[in-house]
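model-v8.csv (CSV, N, CA and C atoms)
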```csv
chain,number,residue,atom,x,y,z
U,229,MET,N,40.2,32.6,-17.5
U,229,MET,CA,41.5,32.7,-18.1
U,229,MET,C,42.6,33.3,-17.1
U,230,ILE,N,42.2,34.2,-16.3
U,230,ILE,CA,43.1,34.7,-15.3
U,230,ILE,C,43.5,33.6,-14.3
U,231,GLY,N,42.5,32.8,-13.9
U,231,GLY,CA,42.8,31.7,-13.0
U,231,GLY,C,43.7,30.7,-13.6
U,232,HIS,N,43.6,30.4,-14.9
U,232,HIS,CA,44.5,29.5,-15.5
U,232,HIS,C,45.9,30.1,-15.5
U,233,PHE,N,46.0,31.4,-15.9
U,233,PHE,CA,47.3,32.0,-15.9
U,233,PHE,C,48.0,32.0,-14.5
U,234,LEU,N,47.2,32.3,-13.5
U,234,LEU,CA,47.7,32.4,-12.1
U,234,LEU,C,48.1,31.0,-11.7
U,235,ASN,N,47.4,29.9,-12.0
U,235,ASN,CA,47.7,28.6,-11.6
U,235,ASN,C,49.1,28.2,-12.3
U,236,ASN,N,49.2,28.4,-13.6
U,236,ASN,CA,50.5,28.1,-14.3
U,236,ASN,C,51.6,28.9,-13.7
U,237,PHE,N,51.4,30.2,-13.5
U,237,PHE,CA,52.5,31.0,-12.9
U,237,PHE,C,52.9,30.5,-11.6
U,238,LEU,N,52.0,30.2,-10.7
U,238,LEU,CA,52.4,29.7,-9.4
U,238,LEU,C,53.1,28.4,-9.5
U,239,ALA,N,52.7,27.5,-10.3
U,239,ALA,CA,53.3,26.2,-10.5
U,239,ALA,C,54.8,26.4,-11.0
U,240,THR,N,55.0,27.3,-11.9
U,240,THR,CA,56.3,27.6,-12.5
U,240,THR,C,57.2,28.1,-11.4
U,241,ILE,N,56.7,29.1,-10.6
U,241,ILE,CA,57.5,29.6,-9.5
U,241,ILE,C,57.9,28.6,-8.5
U,242,ILE,N,56.9,27.7,-8.1
U,242,ILE,CA,57.2,26.7,-7.1
U,242,ILE,C,58.2,25.7,-7.7
U,243,MET,N,58.1,25.3,-8.9
U,243,MET,CA,59.1,24.4,-9.5
U,243,MET,C,60.5,25.0,-9.6
U,244,ALA,N,60.5,26.3,-9.9
U,244,ALA,CA,61.8,27.0,-10.0
U,244,ALA,C,62.5,27.1,-8.6
U,245,THR,N,61.8,27.2,-7.6
U,245,THR,CA,62.3,27.5,-6.2
U,245,THR,C,62.4,26.3,-5.3
U,246,SER,N,61.9,25.1,-5.8
U,246,SER,CA,61.9,23.9,-5.0
U,246,SER,C,63.1,23.0,-5.3
U,247,THR,N,63.5,22.2,-4.3
U,247,THR,CA,64.6,21.2,-4.5
U,247,THR,C,64.0,19.9,-5.0
U,248,LYS,N,64.9,19.0,-5.5
U,248,LYS,CA,64.4,17.8,-6.0
U,248,LYS,C,63.7,17.0,-4.9
U,249,GLU,N,64.1,17.0,-3.7
U,249,GLU,CA,63.5,16.3,-2.6
U,249,GLU,C,62.1,16.8,-2.4
U,250,GLU,N,61.9,18.1,-2.4
U,250,GLU,CA,60.6,18.8,-2.2
U,250,GLU,C,59.7,18.4,-3.4
U,251,MET,N,60.2,18.3,-4.6
U,251,MET,CA,59.4,18.0,-5.8
U,251,MET,C,58.9,16.6,-5.7
U,252,ASN,N,59.6,15.7,-5.0
U,252,ASN,CA,59.2,14.3,-5.0
U,252,ASN,C,58.2,14.0,-3.8
U,253,GLU,N,57.9,15.0,-3.0
U,253,GLU,CA,57.0,14.8,-1.9
U,253,GLU,C,55.6,15.0,-2.4
U,254,LYS,N,54.7,14.2,-1.8
U,254,LYS,CA,53.2,14.4,-2.1
U,254,LYS,C,52.7,15.5,-1.2
U,255,THR,N,51.6,16.1,-1.6
U,255,THR,CA,51.0,17.1,-0.8
U,255,THR,C,50.6,16.6,0.6
U,256,VAL,N,50.1,15.4,0.7
U,256,VAL,CA,49.7,14.9,2.0
U,256,VAL,C,50.9,14.7,2.9
U,257,ASP,N,52.1,14.5,2.4
U,257,ASP,CA,53.3,14.3,3.2
U,257,ASP,C,53.8,15.7,3.6
U,258,MET,N,53.6,16.7,2.8
U,258,MET,CA,54.0,18.1,3.2
U,258,MET,C,53.2,18.8,4.2
U,259,ILE,N,51.9,18.7,4.0
U,259,ILE,CA,51.0,19.5,4.9
U,259,ILE,C,50.1,18.6,5.8
U,260,GLY,N,50.1,17.3,5.7
U,260,GLY,CA,49.3,16.4,6.5
U,260,GLY,C,48.0,16.0,5.9
U,261,ALA,N,47.4,15.0,6.5
U,261,ALA,CA,46.2,14.5,5.9
U,261,ALA,C,45.0,15.4,6.1
U,262,THR,N,44.8,15.9,7.3
U,262,THR,CA,43.6,16.8,7.6
U,262,THR,C,43.6,18.0,6.7
U,263,PRO,N,44.6,18.8,6.6
U,263,PRO,CA,44.5,20.0,5.7
U,263,PRO,C,44.3,19.6,4.2
U,264,THR,N,44.9,18.4,3.8
U,264,THR,CA,44.6,17.9,2.4
U,264,THR,C,43.2,17.7,2.2
U,265,TYR,N,42.5,17.0,3.1
U,265,TYR,CA,41.1,16.7,3.0
U,265,TYR,C,40.2,18.0,3.1
U,266,ILE,N,40.7,19.0,3.9
U,266,ILE,CA,40.0,20.3,3.9
U,266,ILE,C,40.1,21.0,2.6
U,267,LEU,N,41.3,20.9,2.0
U,267,LEU,CA,41.5,21.5,0.6
U,267,LEU,C,40.6,20.9,-0.4
U,268,LEU,N,40.5,19.5,-0.3
U,268,LEU,CA,39.6,18.8,-1.2
U,268,LEU,C,38.2,19.2,-1.1
U,269,ALA,N,37.7,19.3,0.2
U,269,ALA,CA,36.3,19.7,0.4
U,269,ALA,C,36.1,21.1,-0.1
U,270,VAL,N,37.0,22.0,0.2
U,270,VAL,CA,36.9,23.4,-0.3
U,270,VAL,C,36.8,23.5,-1.8
U,271,ALA,N,37.6,22.7,-2.5
U,271,ALA,CA,37.6,22.6,-4.0
U,271,ALA,C,36.3,22.1,-4.5
U,272,ILE,N,35.8,21.0,-3.9
U,272,ILE,CA,34.5,20.5,-4.3
U,272,ILE,C,33.3,21.5,-4.1
U,273,VAL,N,33.3,22.1,-2.9
U,273,VAL,CA,32.3,23.1,-2.7
U,273,VAL,C,32.4,24.3,-3.7
U,274,THR,N,33.6,24.7,-3.9
U,274,THR,CA,33.8,25.8,-4.9
U,274,THR,C,33.3,25.4,-6.3
U,275,LEU,N,33.7,24.3,-6.7
U,275,LEU,CA,33.3,23.8,-8.0
U,275,LEU,C,31.8,23.7,-8.1
U,276,THR,N,31.1,23.1,-7.1
U,276,THR,CA,29.7,23.0,-7.1
U,276,THR,C,29.0,24.4,-7.1
U,277,GLY,N,29.5,25.3,-6.3
U,277,GLY,CA,29.0,26.6,-6.2
U,277,GLY,C,29.1,27.3,-7.5
U,278,MET,N,30.3,27.2,-8.2
U,278,MET,CA,30.5,27.9,-9.5
U,278,MET,C,29.5,27.3,-10.5
U,279,TYR,N,29.3,26.0,-10.5
U,279,TYR,CA,28.4,25.4,-11.5
U,279,TYR,C,27.0,25.9,-11.4
U,280,PHE,N,26.5,26.0,-10.1
U,280,PHE,CA,25.1,26.5,-10.0
U,280,PHE,C,25.0,28.0,-10.2
U,281,TYR,N,26.0,28.8,-9.8
U,281,TYR,CA,26.0,30.2,-10.1
U,281,TYR,C,26.0,30.5,-11.6
U,282,LEU,N,27.0,29.8,-12.3
U,282,LEU,CA,27.1,30.0,-13.8
U,282,LEU,C,25.8,29.5,-14.5
U,283,ASN,N,25.3,28.4,-14.1
U,283,ASN,CA,24.1,27.8,-14.7
U,283,ASN,C,22.9,28.8,-14.5
U,284,LYS,N,22.9,29.5,-13.4
U,284,LYS,CA,21.8,30.5,-13.2
U,284,LYS,C,22.0,31.8,-14.0
U,285,HIS,N,23.2,32.3,-14.1
U,285,HIS,CA,23.5,33.6,-14.6
U,285,HIS,C,23.9,33.6,-16.1
U,286,LEU,N,24.3,32.5,-16.7
U,286,LEU,CA,24.6,32.5,-18.1
U,286,LEU,C,23.4,32.2,-18.9
U,287,PRO,N,23.3,32.8,-20.1
U,287,PRO,CA,22.1,32.5,-20.9
U,287,PRO,C,22.0,31.0,-21.3
U,288,GLN,N,20.8,30.5,-21.3
U,288,GLN,CA,20.6,29.1,-21.6
U,288,GLN,C,20.4,29.0,-23.1
U,289,PRO,N,20.8,27.9,-23.7
U,289,PRO,CA,20.6,27.7,-25.2
U,289,PRO,C,19.1,27.5,-25.4
U,290,GLU,N,18.7,28.1,-26.6
U,290,GLU,CA,17.3,27.9,-26.9
U,290,GLU,C,17.0,26.5,-27.4
U,291,LYS,N,15.8,26.0,-27.1
U,291,LYS,CA,15.5,24.7,-27.6
U,291,LYS,C,15.0,24.8,-29.1
U,292,PRO,N,15.4,23.9,-29.9
U,292,PRO,CA,14.9,24.0,-31.3
U,292,PRO,C,13.4,23.8,-31.4
U,293,SER,N,12.8,24.6,-32.2
U,293,SER,CA,11.4,24.4,-32.4
U,293,SER,C,11.1,23.7,-33.7
U,294,GLU,N,9.9,23.2,-33.9
U,294,GLU,CA,9.5,22.5,-35.1
U,294,GLU,C,9.5,23.4,-36.3
U,295,VAL,N,9.2,24.7,-36.1
U,295,VAL,CA,9.1,25.6,-37.2
U,295,VAL,C,10.4,26.0,-37.7
U,296,THR,N,11.4,26.2,-36.9
U,296,THR,CA,12.8,26.6,-37.3
U,296,THR,C,13.7,25.5,-37.7
U,297,ASN,N,13.3,24.3,-37.5
U,297,ASN,CA,14.1,23.1,-37.8
U,297,ASN,C,13.9,22.8,-39.3
U,298,THR,N,15.0,23.1,-40.1
U,298,THR,CA,14.9,22.9,-41.5
U,298,THR,C,15.5,21.6,-42.0
U,299,GLN,N,16.1,20.8,-41.0
U,299,GLN,CA,16.6,19.5,-41.4
U,299,GLN,C,15.5,18.5,-41.6
U,300,ALA,N,15.6,17.7,-42.6
U,300,ALA,CA,14.5,16.7,-42.9
U,300,ALA,C,15.1,15.3,-42.9
```
Would you encode the structure as structure tokens?
Amino acid sequence: MIGHFLNNFLATIIMATSTKEEMNEKTVDMIGATPTYILLAVAIVTLTGMYFYLNKHLPQPEKPSEVTNTQA
């Protein structure tokens, strides 16, 4: 939730302080192709790492057993 708030806050600040010309530029045009691909790689590694970390540390749902299943 904090990450979501921070993302929206930064986007709002950037939009409020940028010119129309800056808003029409793509990220790759502003910072170049290599840093854009590095950011993409970092995002993919972060997402993958978070998936495995959370999958390991969060409780797993219990599998329904035949005894507790009351639906017929």
Expressed in Å to a single decimal, how great is the separation between CA of Thr245 in chain U and atom N of His232 in chain U? 20.8 Å
Among range 235-297 of chain U, which residues does DSSP mark as alpha helix (DSSP H) when it is run on the backbone? Keep the chain and numbering as in the structure and answer as a PyMOL selection string. chain U and resi 235-245+248-252+255-259+261-285
Distance of atom C of Asn235 in chain U from atom N of Asp257 in chain U, expressed in Å to one decimal place: 20.3 Å
Tell me, in Å to one decimal, how far atom C of His285 in chain U is from atom C of Ile230 in chain U.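 Going from atom C of His285 in chain U over to atom C of Ile230 in chain U, I get 19.7 Å.
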